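J.: What follows is a single structure, and I will ask about it in a moment.
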Amino acid sequence: MTRKTADKPHILFLFSDTGGGHRSAAKAIIEALEIYHPGKVTTEMLDFFVEYAPPPFDMAVTTYAPMAQVPDLWELGYKLSNGKWRGKLVQDVLWPYIRKSAERLVTEHPCDLFLSVHPIINTPILRALGEDHAPYLVVITDMVSTHAFWYNDKATLTMTPTEVARLRGIGIGMDPKRIVLVGQPIADKFRQPSPPKKDLREMLGWPQDQTVALIVGGGEGMGPVEETVKAIGQSGMDLALAVIAGHNETLKTNLENADLETPTFIYGFVENMPDLMNAADILLTKAGPGTISEGFIAGLPLILYSKMPGQEDGNVDYVLNEGAGVWAPTVEDVLTTLRYWLANPDVLKETAAISKSLGRPDASYDIAQKIIDTVYRA
Ligand code: UDP
């Protein structure tokens with residue numbers, strides 16, 4: 001195949017900021033390319049919704065956060081388009097509206113390899129590309145309840161975060177030779193060895209002799225974080241809390257002004273997540289794939305307190321089926337779980353060991369290797 005770009009192979013990352021860890025996944029893979037294959041390729045990230053989607057689809061990014069607050073609506077849209085045939089029907093109906101945009105995207109962004117980390121874009125781009133095109137790789141970022149849009153048998157290679165996601169693809173007709181398990185792509189900092197917990201706690205100013213529960217509401221500080229922190233903070237439990245509000249400024253301010261008995265450390269958006277996770281004993285989070293996978297690597301028992309219906313249902317099932325944590329959708333459930341774990345350190349330890357065993361710190365490294373192999377072979 002002739003190279004589309006003059007100098008080095010150019011990789012186009014197709015993503016969008018509609019939650020689900022798409023941006024973090026793309027950034028993690030680019031980072032692995034830069035670290036482990038410096039100077040071998042050039043990369044570009046394209047938010048196709050923002051830059052190419054015709055109205056009203058161009059609103060997807062701005063409406064994602066509000067829609068995510070209306071779970072029923074989100075779930076309905078998700079379910080209506082899921083399943084092999086329903087998915088195809090929706091794609092066929094939409095094609096006349098999005099065809100021009102998809103064709104323009106392909107023309108305006110010549111590349112030697114496409115890397116998609118988003119379900120919605122795959123069929124439109126593969127249709128726009130026609131028969132003879134640069135390799136098209138898909139990296140799935142939903143752990144288990146993978147939407148049918150992720151799977152397109154015209155993709156050169158599809159990479160999955162879990163074995164369940166791989167089997168689902170095969171079940172709906174993907175060629176088993178072109179769908180492989182790699183794990184959830186996460187930042188390289190989670191692949192690096194961690195300092196001892198004691199040193200981390202000292203650096204963070206956390207207590208050495210108390211169980212520390214870390215609370216993360218995804219990048220946007222979503223879910224009932226405030227109620228949960230207040231309930232734990234006033235429960236009299238022998239526990240310290242570290243709360244990451246992410247980009248949610250209101251949450252951060254409200255927590256800073258809250259009257260809590262429990263020692264509580266409050267952060268905005270943090271860059272040192274591995275340190276915080278490796279210093280903690282328990283992770284409370286919404287069921288985002290990125291945070292869950294990072295929690296596995298740090299060997300943290302998980303309390304999942306909320307989820308995006310549809311998209312994140314399977315993440316919850318996965319954690320429960322494996323025994324790496326619990327589903328605690330009410331504040332009362334969270335308190336009960338914490339009390340149980342504090343009273344039964346053996347159970348906590350066992351859950352932590354299971355969590356650790358599910359960690360796949362090499363996923364981004366492996367994906368980067370597959371990109372290089374593919375693009376230099378093509
Ligand atoms: N994250 C971070 N700093 C923060 C909050 C979150 O780096 O202050 C990262 C977190 O480590 C994870 C990602 O943001 O990699 C969140 O992804 P997830 O899939 O859990 O949820 P999303 O917000 O994408 O729905």
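Residue numbering restarts at 1 in every chain; chains get A, B, ... in the order shown in the structure tokens, and ligands count up from 1 in that same order.
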Taking only C-alpha atoms and all ligand atoms into account, produce a table as JSON lines in which each residue of chain A with an atom at most 7 Å from an atom of ligand 1 appears once, together with its shortest atom pair and the distance in Å to one decimal, ordered by chain and rising number.
T.:
{"residue": "A:Gly19", "atom": "CA", "partner": "ligand 1", "partner_atom_place_in_ligand_line": "25 (O)", "distance": 4.1}
{"residue": "A:Gly20", "atom": "CA", "partner": "ligand 1", "partner_atom_place_in_ligand_line": "24 (O)", "distance": 4.2}
{"residue": "A:Gly21", "atom": "CA", "partner": "ligand 1", "partner_atom_place_in_ligand_line": "24 (O)", "distance": 3.3}
{"residue": "A:His22", "atom": "CA", "partner": "ligand 1", "partner_atom_place_in_ligand_line": "24 (O)", "distance": 6.6}
{"residue": "A:Ser24", "atom": "CA", "partner": "ligand 1", "partner_atom_place_in_ligand_line": "15 (O)", "distance": 5.8}
{"residue": "A:Ile186", "atom": "CA", "partner": "ligand 1", "partner_atom_place_in_ligand_line": "15 (O)", "distance": 6.5}
{"residue": "A:Val216", "atom": "CA", "partner": "ligand 1", "partner_atom_place_in_ligand_line": "5 (C)", "distance": 6.5}
{"residue": "A:Gly218", "atom": "CA", "partner": "ligand 1", "partner_atom_place_in_ligand_line": "23 (O)", "distance": 3.6}
{"residue": "A:Gly219", "atom": "CA", "partner": "ligand 1", "partner_atom_place_in_ligand_line": "6 (C)", "distance": 3.8}
{"residue": "A:Glu220", "atom": "CA", "partner": "ligand 1", "partner_atom_place_in_ligand_line": "23 (O)", "distance": 5.6}
{"residue": "A:Ile244", "atom": "CA", "partner": "ligand 1", "partner_atom_place_in_ligand_line": "8 (O)", "distance": 5.6}
{"residue": "A:Ala245", "atom": "CA", "partner": "ligand 1", "partner_atom_place_in_ligand_line": "8 (O)", "distance": 6.4}
{"residue": "A:Gly246", "atom": "CA", "partner": "ligand 1", "partner_atom_place_in_ligand_line": "8 (O)", "distance": 3.9}
{"residue": "A:His247", "atom": "CA", "partner": "ligand 1", "partner_atom_place_in_ligand_line": "8 (O)", "distance": 7.0}
{"residue": "A:Gly268", "atom": "CA", "partner": "ligand 1", "partner_atom_place_in_ligand_line": "8 (O)", "distance": 5.8}
{"residue": "A:Phe269", "atom": "CA", "partner": "ligand 1", "partner_atom_place_in_ligand_line": "8 (O)", "distance": 3.1}
{"residue": "A:Val270", "atom": "CA", "partner": "ligand 1", "partner_atom_place_in_ligand_line": "8 (O)", "distance": 3.8}
{"residue": "A:Glu271", "atom": "CA", "partner": "ligand 1", "partner_atom_place_in_ligand_line": "7 (O)", "distance": 5.2}
{"residue": "A:Met273", "atom": "CA", "partner": "ligand 1", "partner_atom_place_in_ligand_line": "11 (O)", "distance": 5.7}
{"residue": "A:Ala287", "atom": "CA", "partner": "ligand 1", "partner_atom_place_in_ligand_line": "20 (O)", "distance": 6.7}
{"residue": "A:Gly288", "atom": "CA", "partner": "ligand 1", "partner_atom_place_in_ligand_line": "20 (O)", "distance": 3.5}
{"residue": "A:Pro289", "atom": "CA", "partner": "ligand 1", "partner_atom_place_in_ligand_line": "19 (O)", "distance": 4.1}
{"residue": "A:Gly290", "atom": "CA", "partner": "ligand 1", "partner_atom_place_in_ligand_line": "19 (O)", "distance": 3.5}
{"residue": "A:Thr291", "atom": "CA", "partner": "ligand 1", "partner_atom_place_in_ligand_line": "20 (O)", "distance": 3.7}
{"residue": "A:Ile292", "atom": "CA", "partner": "ligand 1", "partner_atom_place_in_ligand_line": "20 (O)", "distance": 6.3}
{"residue": "A:Glu294", "atom": "CA", "partner": "ligand 1", "partner_atom_place_in_ligand_line": "11 (O)", "distance": 6.8}
J.: Can you list, as a VMD selection string, every residue of region 100-212 of chain A that DSSP puts in alpha helix (DSSP H)?
T.: chain A and resid 100 to 108 122 to 129 163 to 171 197 to 204
J.: Could you tell me which of A:Val212, A:Ile125, A:Met237, A:Leu181 comes closest to Tyr340 (chain A) if we count only C-alpha atoms?
T.: A:Met237
J.: Separation of CA of Met45 (chain A) and CA of Lys27 (chain A), in Å?
T.: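 Separation of CA of Met45 (chain A) and CA of Lys27 (chain A): 8.5 Å.
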J.: Report as JSON lines the residues of region 240-318 of chain A within 7 Å of region 197-205 of chain A, each with its shortest atom pair and distance in Å (one decimal), using only C-alpha atoms, ordered by chain and increasing residue number.
T.:
{"residue": "A:Asp275", "atom": "CA", "partner": "A:Leu200", "partner_atom": "CA", "distance": 6.5}
{"residue": "A:Asn278", "atom": "CA", "partner": "A:Lys197", "partner_atom": "CA", "distance": 6.3}
{"residue": "A:Ala279", "atom": "CA", "partner": "A:Lys197", "partner_atom": "CA", "distance": 4.9}
J.: As a list in words, please: the residues near region 126-132 of chain A (cut-off 8 Å, only C-alpha atoms, same-chain neighbours under 5 positions excluded).
T.: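 Residues near the query, excluding close chain neighbours: Arg99, Ala102, Glu103, Val106, Lys154 and Ala155 of chain A.
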J.: What lies within 8 Å of Val326 (chain A) using only C-alpha atoms, ignoring chain neighbours under 5 positions off, as a PyMOL selection string?
T.: chain A and resi 302-304+319-320+337
J.: Please identify the strand (DSSP E or B) residues within region 215-335 of chain A (assignment by DSSP from backbone atoms) and present them as a PyMOL selection string.
T.: chain A and resi 215-216+239-244+264-267+282-286+302-306+325-327
